[in-house]
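Engineer: Input: one structure, supplied below.
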There are 2 protein chains.
Amino acid sequence: MHSPELLKGTLQTIVLKVLKDNGRMYGYEITQRVKELSDDRILITEGALYPALHKLEAEGMLRTETETIGKRVRKYYSLTPQGRSLVKERVNEFVEFIKTMGNVLQLQIK
Amino acid sequence: MHSPELLKGTLQTIVLKVLKDNGRMYGYEITQRVKELSDDRILITEGALYPALHKLEAEGMLRTETETIGKRVRKYYSLTPQGRSLVKERVNEFVEFIKTMGNVLQLQIK
DNA sequence: AACAATACATAAGTGAGTTATGTATCTAAG
DNA sequence: CTTAGATACATAACTCACTTATGTATTGTT
């Protein structure tokens, strides 16, 4: 598991990108997908995820559809056109960030 | 300038690594070196730096020597052997983190 | 003289996260 | 069958590394 400090500020980027790559998903599914992609190194907590999803929805980046499976309610999220732009922005931002950190920490890039 | 959120948790790593690469340095010098290495993208604030240095010193990672230039006091910091271990640990941690993020965000790592 | 840069330090405030708690359904084990 | 774990959502209290603000003092520049 990674130091939680480093993860700060990456949650939105992760959520948006995973939604872009996987289409419509519900909250719990996102946590599981990230766990899988990160080989158990990034475990998104519900207390962080749900407020983040609500915020992105309120900002018009995501839209939701509610589906009932048996008696279980699932809230599916997908990107709006605005959300699609934001993904690109956020991912670019992150790539720039690691480039800069590569310089500062003198990491061998490639 | 990078989104300050992404920087969270990287300050200690940056300070330790810059000290390792440059030998003994004083606080203000560290901020300037990081500004330079990051092409003005990472501007360490004094309110973050000095407490961080004091903490690392209290933990035995850094030692200090005070020097007086004219009437100006400078506090030089350098790594202790323990500090040297910590640099490696922190830098490895960061590298692992960006590898994981590379997987999650499906970035081209070539 | 006045302002910017150098050089240190600490206190108050912020905000994205963690931790804790609550509700409820589904499924596997003993 | 009932108990525990996984599934699925949600929100409130708290934490803590940072930003912002403030303070002191020297040095260099206009």
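Starting from 1 in every chain, residues are counted up; chains themselves are A, B, ... following the order of the structure tokens, and ligands are numbered from 1 as listed.
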Please find the residues of chain B near chain C - the criterion being any atom within 9 Å, counting only C-alpha atoms (C1' of nucleotides) - and write them as a list in words.
Structural biologist: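 That gives the following set of residues: Glu5, Gly27, Tyr28, Glu46, Gly47, Tyr50, Pro51, Arg72, Val73, Arg74 and Lys75 of chain B.
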Engineer: Contacts from chain B to chain D, 9 Å maximum, only C-alpha atoms (C1' of nucleotides): show me the residue list as a count of residues only.
Structural biologist: 10
Engineer: With only C-alpha atoms considered, list every residue of chain B at most 7 Å from chain A, as a list in words.
Structural biologist: His2, Glu5, Leu6, Lys8, Gly9, Thr10, Ile14, Lys17, Val34, Leu37, Ser38, Phe97, Thr100, Asn103, Val104, Leu105 and Lys110 of chain B
Engineer: Residues as selected, all heavy atoms, written as a compact mmCIF listing (two decimals), in the first residue's frame, can you do that?
Structural biologist:
# COMPACT_ATOMS: atom_id res chain seq x y z
N HIS B 2 2.43 23.69 -10.46
CA HIS B 2 1.61 22.49 -10.38
C HIS B 2 0.48 22.66 -9.38
O HIS B 2 0.60 23.42 -8.43
CB HIS B 2 2.45 21.30 -9.98
CG HIS B 2 3.31 20.81 -11.10
ND1 HIS B 2 2.79 20.29 -12.24
CD2 HIS B 2 4.64 20.77 -11.26
CE1 HIS B 2 3.77 19.96 -13.05
NE2 HIS B 2 4.90 20.24 -12.48
N GLU B 5 -2.14 20.21 -4.78
CA GLU B 5 -2.61 18.93 -4.22
C GLU B 5 -1.64 17.80 -4.53
O GLU B 5 -1.38 16.94 -3.70
CB GLU B 5 -3.99 18.58 -4.78
CG GLU B 5 -5.10 19.52 -4.38
CD GLU B 5 -5.09 19.84 -2.90
OE1 GLU B 5 -4.78 18.94 -2.11
OE2 GLU B 5 -5.38 20.99 -2.53
N LEU B 6 -1.13 17.82 -5.78
CA LEU B 6 -0.23 16.75 -6.20
C LEU B 6 1.08 16.75 -5.44
O LEU B 6 1.71 15.73 -5.26
CB LEU B 6 0.05 16.85 -7.70
CG LEU B 6 -1.13 16.50 -8.62
CD1 LEU B 6 -0.77 16.75 -10.07
CD2 LEU B 6 -1.53 15.04 -8.44
N LYS B 8 1.48 17.38 -2.36
CA LYS B 8 1.31 16.88 -0.99
C LYS B 8 2.06 15.55 -0.82
O LYS B 8 1.94 14.65 -1.63
CB LYS B 8 -0.18 16.66 -0.67
CG LYS B 8 -0.97 17.93 -0.62
CD LYS B 8 -1.58 18.14 0.76
CE LYS B 8 -2.19 19.53 0.81
NZ LYS B 8 -2.85 19.82 2.05
N GLY B 9 2.82 15.50 0.22
CA GLY B 9 3.51 14.25 0.52
C GLY B 9 4.84 14.11 -0.19
O GLY B 9 5.56 13.14 0.03
N THR B 10 5.20 15.07 -1.05
CA THR B 10 6.46 14.97 -1.77
C THR B 10 7.55 15.86 -1.17
O THR B 10 8.72 15.72 -1.52
CB THR B 10 6.29 15.36 -3.26
OG1 THR B 10 5.84 16.71 -3.33
CG2 THR B 10 5.28 14.47 -3.95
N ILE B 14 11.59 15.47 -1.62
CA ILE B 14 12.33 16.49 -2.38
C ILE B 14 13.48 17.04 -1.55
O ILE B 14 14.63 17.10 -2.03
CB ILE B 14 11.38 17.64 -2.80
CG1 ILE B 14 10.40 17.15 -3.87
CG2 ILE B 14 12.17 18.84 -3.28
CD1 ILE B 14 9.31 18.15 -4.22
N LYS B 17 16.28 14.42 -1.04
CA LYS B 17 17.02 14.11 -2.26
C LYS B 17 17.92 15.27 -2.68
O LYS B 17 19.08 15.07 -3.08
CB LYS B 17 16.05 13.75 -3.39
CG LYS B 17 16.73 13.28 -4.67
CD LYS B 17 17.63 12.06 -4.44
CE LYS B 17 17.99 11.33 -5.71
NZ LYS B 17 18.77 12.09 -6.66
N VAL B 34 15.28 24.01 -5.73
CA VAL B 34 14.10 23.28 -6.19
C VAL B 34 13.35 24.09 -7.25
O VAL B 34 12.91 23.54 -8.26
CB VAL B 34 13.16 22.94 -5.01
CG1 VAL B 34 11.83 22.38 -5.49
CG2 VAL B 34 13.84 21.94 -4.07
N LEU B 37 15.50 23.56 -10.38
CA LEU B 37 15.39 22.21 -10.94
C LEU B 37 14.01 21.96 -11.56
O LEU B 37 13.87 21.19 -12.50
CB LEU B 37 15.62 21.16 -9.84
CG LEU B 37 17.06 20.92 -9.39
CD1 LEU B 37 17.07 20.09 -8.12
CD2 LEU B 37 17.87 20.24 -10.49
N SER B 38 12.99 22.62 -11.01
CA SER B 38 11.62 22.38 -11.46
C SER B 38 11.19 23.42 -12.48
O SER B 38 10.04 23.43 -12.90
CB SER B 38 10.67 22.42 -10.27
OG SER B 38 10.55 23.75 -9.79
N PHE B 97 5.27 4.52 -6.59
CA PHE B 97 4.00 5.23 -6.71
C PHE B 97 3.71 5.62 -8.16
O PHE B 97 2.61 5.39 -8.67
CB PHE B 97 4.02 6.47 -5.81
CG PHE B 97 2.90 7.44 -6.07
CD1 PHE B 97 1.59 7.10 -5.78
CD2 PHE B 97 3.17 8.69 -6.60
CE1 PHE B 97 0.55 8.00 -6.02
CE2 PHE B 97 2.15 9.60 -6.83
CZ PHE B 97 0.84 9.25 -6.56
N THR B 100 2.77 2.59 -10.23
CA THR B 100 1.39 2.19 -9.97
C THR B 100 0.42 3.12 -10.67
O THR B 100 -0.52 2.67 -11.33
CB THR B 100 1.10 2.20 -8.45
OG1 THR B 100 1.98 1.28 -7.81
CG2 THR B 100 -0.33 1.78 -8.17
N ASN B 103 0.10 2.43 -14.30
CA ASN B 103 -0.82 1.33 -14.59
C ASN B 103 -2.27 1.76 -14.51
O ASN B 103 -3.07 1.48 -15.40
CB ASN B 103 -0.61 0.17 -13.61
CG ASN B 103 0.69 -0.56 -13.87
OD1 ASN B 103 1.20 -0.58 -14.98
ND2 ASN B 103 1.24 -1.14 -12.83
N VAL B 104 -2.59 2.45 -13.43
CA VAL B 104 -3.99 2.83 -13.21
C VAL B 104 -4.46 3.81 -14.29
O VAL B 104 -5.56 3.69 -14.81
CB VAL B 104 -4.18 3.45 -11.81
CG1 VAL B 104 -5.58 4.01 -11.65
CG2 VAL B 104 -3.89 2.42 -10.73
N LEU B 105 -3.58 4.74 -14.63
CA LEU B 105 -3.96 5.76 -15.64
C LEU B 105 -3.61 5.30 -17.05
O LEU B 105 -3.81 6.05 -18.01
CB LEU B 105 -3.28 7.09 -15.33
CG LEU B 105 -3.59 7.74 -13.98
CD1 LEU B 105 -2.88 9.08 -13.86
CD2 LEU B 105 -5.10 7.92 -13.79
N LYS B 110 7.47 3.87 -21.55
CA LYS B 110 8.24 3.14 -22.58
C LYS B 110 9.63 2.85 -22.05
O LYS B 110 10.14 3.47 -21.17
CB LYS B 110 8.28 3.92 -23.89
CG LYS B 110 9.25 5.04 -23.81
CD LYS B 110 9.26 6.09 -24.83
CE LYS B 110 9.26 7.47 -24.23
NZ LYS B 110 8.11 8.03 -23.75
Engineer: So the first atom is CA of Glu57 in chain B and the second is CA of Leu79 in chain B; what is the distance between them in Å, to one decimal place?
Structural biologist: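 Answer for the CA of Glu57 in chain B to CA of Leu79 in chain B separation: 9.1 Å.
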Engineer: So what do you get for CA of Leu49 in chain A versus CA of Asn92 in chain B, distance-wise?
Structural biologist: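 Straight-line distance from CA of Leu49 in chain A to CA of Asn92 in chain B works out to 27.3 Å.
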Engineer: List every residue of chain A that DSSP, applied to the backbone of this structure, places in alpha helix (DSSP H), and write the result as JSON, numbers by chain.
Structural biologist: {"A": [4, 5, 6, 7, 11, 12, 13, 14, 15, 16, 17, 18, 19, 20, 21, 22, 27, 28, 29, 30, 31, 32, 33, 34, 35, 36, 37, 46, 47, 48, 49, 50, 51, 52, 53, 54, 55, 56, 57, 58, 81, 82, 83, 84, 85, 86, 87, 88, 89, 90, 91, 92, 93, 94, 95, 96, 97, 98, 99, 100, 101, 102, 103, 104]}
Engineer: What does the structure give for the distance between CA of Gly83 in chain A and CA of Arg63 in chain A, in Å to one decimal?
Structural biologist: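 A separation of 9.3 Å between them.
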Engineer: What are the DSSP strand (DSSP E or B) residues of range 30-105 of chain B, as number ranges by chain?
Structural biologist: B: 62-69, 72-79
Engineer: For the residues in the current selection, export all heavy atoms as a compact mmCIF listing (two decimals), in the first residue's frame.
Structural biologist:
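And here is the file that came out, selection.txt:
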# COMPACT_ATOMS: atom_id res chain seq x y z
N LEU B 62 18.67 14.67 9.84
CA LEU B 62 19.52 15.78 9.43
C LEU B 62 20.30 16.29 10.63
O LEU B 62 19.86 16.18 11.77
CB LEU B 62 18.66 16.94 8.89
CG LEU B 62 17.72 16.66 7.73
CD1 LEU B 62 16.93 17.91 7.37
CD2 LEU B 62 18.50 16.14 6.52
N ARG B 63 21.49 16.85 10.37
CA ARG B 63 22.17 17.59 11.42
C ARG B 63 22.46 18.99 10.90
O ARG B 63 22.47 19.23 9.69
CB ARG B 63 23.44 16.86 11.87
CG ARG B 63 24.52 16.75 10.87
CD ARG B 63 25.72 15.99 11.49
NE ARG B 63 26.26 14.99 10.57
CZ ARG B 63 26.83 15.26 9.39
NH1 ARG B 63 26.93 16.49 8.97
NH2 ARG B 63 27.29 14.29 8.62
N THR B 64 22.68 19.91 11.83
CA THR B 64 22.83 21.31 11.43
C THR B 64 24.14 21.91 11.93
O THR B 64 24.68 21.51 12.97
CB THR B 64 21.69 22.17 12.02
OG1 THR B 64 21.68 22.00 13.43
CG2 THR B 64 20.35 21.79 11.47
N GLU B 65 24.62 22.88 11.17
CA GLU B 65 25.74 23.72 11.60
C GLU B 65 25.32 25.15 11.30
O GLU B 65 24.83 25.43 10.21
CB GLU B 65 27.00 23.41 10.80
CG GLU B 65 27.53 22.01 10.98
CD GLU B 65 28.43 21.62 9.81
OE1 GLU B 65 29.65 21.88 9.89
OE2 GLU B 65 27.91 21.10 8.82
N THR B 66 25.52 26.01 12.25
CA THR B 66 25.16 27.40 12.04
C THR B 66 26.39 28.18 11.61
O THR B 66 27.46 28.03 12.19
CB THR B 66 24.57 28.00 13.33
OG1 THR B 66 23.43 27.25 13.69
CG2 THR B 66 24.18 29.44 13.13
N GLU B 67 26.21 28.99 10.59
CA GLU B 67 27.31 29.80 10.11
C GLU B 67 26.87 31.26 10.03
O GLU B 67 25.73 31.53 9.67
CB GLU B 67 27.74 29.33 8.72
CG GLU B 67 29.20 28.89 8.70
CD GLU B 67 29.55 28.21 7.41
OE1 GLU B 67 29.69 28.92 6.40
OE2 GLU B 67 29.67 26.97 7.41
N THR B 68 27.77 32.15 10.35
CA THR B 68 27.43 33.56 10.27
C THR B 68 28.20 34.21 9.13
O THR B 68 29.42 34.20 9.10
CB THR B 68 27.76 34.26 11.60
OG1 THR B 68 27.16 33.52 12.66
CG2 THR B 68 27.22 35.68 11.63
N ILE B 69 27.43 34.72 8.18
CA ILE B 69 28.00 35.41 7.02
C ILE B 69 27.71 36.89 7.23
O ILE B 69 26.56 37.30 7.12
CB ILE B 69 27.34 34.96 5.71
CG1 ILE B 69 27.21 33.42 5.65
CG2 ILE B 69 28.06 35.53 4.50
CD1 ILE B 69 28.50 32.68 5.49
N ARG B 72 24.56 37.95 9.02
CA ARG B 72 23.47 37.05 8.64
C ARG B 72 23.74 35.65 9.14
O ARG B 72 24.83 35.12 8.94
CB ARG B 72 23.42 37.05 7.11
CG ARG B 72 22.17 36.75 6.44
CD ARG B 72 21.08 37.77 6.61
NE ARG B 72 20.24 37.81 5.42
CZ ARG B 72 20.65 38.26 4.26
NH1 ARG B 72 21.84 38.76 4.10
NH2 ARG B 72 19.84 38.24 3.23
N VAL B 73 22.75 35.04 9.77
CA VAL B 73 22.91 33.65 10.25
C VAL B 73 22.33 32.67 9.25
O VAL B 73 21.20 32.84 8.79
CB VAL B 73 22.23 33.46 11.62
CG1 VAL B 73 22.29 32.00 12.03
CG2 VAL B 73 22.90 34.32 12.68
N ARG B 74 23.13 31.68 8.93
CA ARG B 74 22.64 30.61 8.07
C ARG B 74 22.72 29.29 8.82
O ARG B 74 23.69 29.03 9.50
CB ARG B 74 23.53 30.49 6.83
CG ARG B 74 23.18 31.42 5.74
CD ARG B 74 24.07 31.13 4.57
NE ARG B 74 23.94 32.15 3.55
CZ ARG B 74 24.77 32.26 2.53
NH1 ARG B 74 25.80 31.44 2.42
NH2 ARG B 74 24.59 33.19 1.62
N LYS B 75 21.68 28.48 8.62
CA LYS B 75 21.65 27.18 9.27
C LYS B 75 21.80 26.12 8.18
O LYS B 75 20.88 25.90 7.39
CB LYS B 75 20.32 27.03 10.01
CG LYS B 75 20.39 26.16 11.23
CD LYS B 75 19.18 26.44 12.10
CE LYS B 75 18.75 25.23 12.88
NZ LYS B 75 17.48 25.48 13.58
N TYR B 76 22.99 25.52 8.16
CA TYR B 76 23.24 24.50 7.14
C TYR B 76 22.77 23.13 7.61
O TYR B 76 23.03 22.71 8.73
CB TYR B 76 24.74 24.43 6.83
CG TYR B 76 25.20 25.50 5.86
CD1 TYR B 76 25.66 26.73 6.33
CD2 TYR B 76 25.15 25.26 4.49
CE1 TYR B 76 26.07 27.71 5.44
CE2 TYR B 76 25.57 26.24 3.60
CZ TYR B 76 26.03 27.46 4.08
OH TYR B 76 26.43 28.43 3.20
N TYR B 77 22.09 22.45 6.72
CA TYR B 77 21.60 21.10 7.00
C TYR B 77 22.37 20.09 6.16
O TYR B 77 22.70 20.36 5.01
CB TYR B 77 20.12 20.99 6.65
CG TYR B 77 19.21 21.74 7.60
CD1 TYR B 77 18.92 23.09 7.39
CD2 TYR B 77 18.65 21.11 8.69
CE1 TYR B 77 18.09 23.78 8.27
CE2 TYR B 77 17.82 21.79 9.57
CZ TYR B 77 17.55 23.13 9.35
OH TYR B 77 16.74 23.80 10.21
N SER B 78 22.64 18.93 6.77
CA SER B 78 23.17 17.83 5.97
C SER B 78 22.63 16.50 6.49
O SER B 78 22.13 16.42 7.62
CB SER B 78 24.70 17.83 5.98
OG SER B 78 25.18 17.90 7.31
N LEU B 79 22.70 15.48 5.66
CA LEU B 79 22.13 14.18 6.00
C LEU B 79 22.99 13.43 7.01
O LEU B 79 24.22 13.43 6.92
CB LEU B 79 22.03 13.31 4.74
CG LEU B 79 21.04 13.76 3.67
CD1 LEU B 79 21.27 12.97 2.39
CD2 LEU B 79 19.61 13.57 4.15
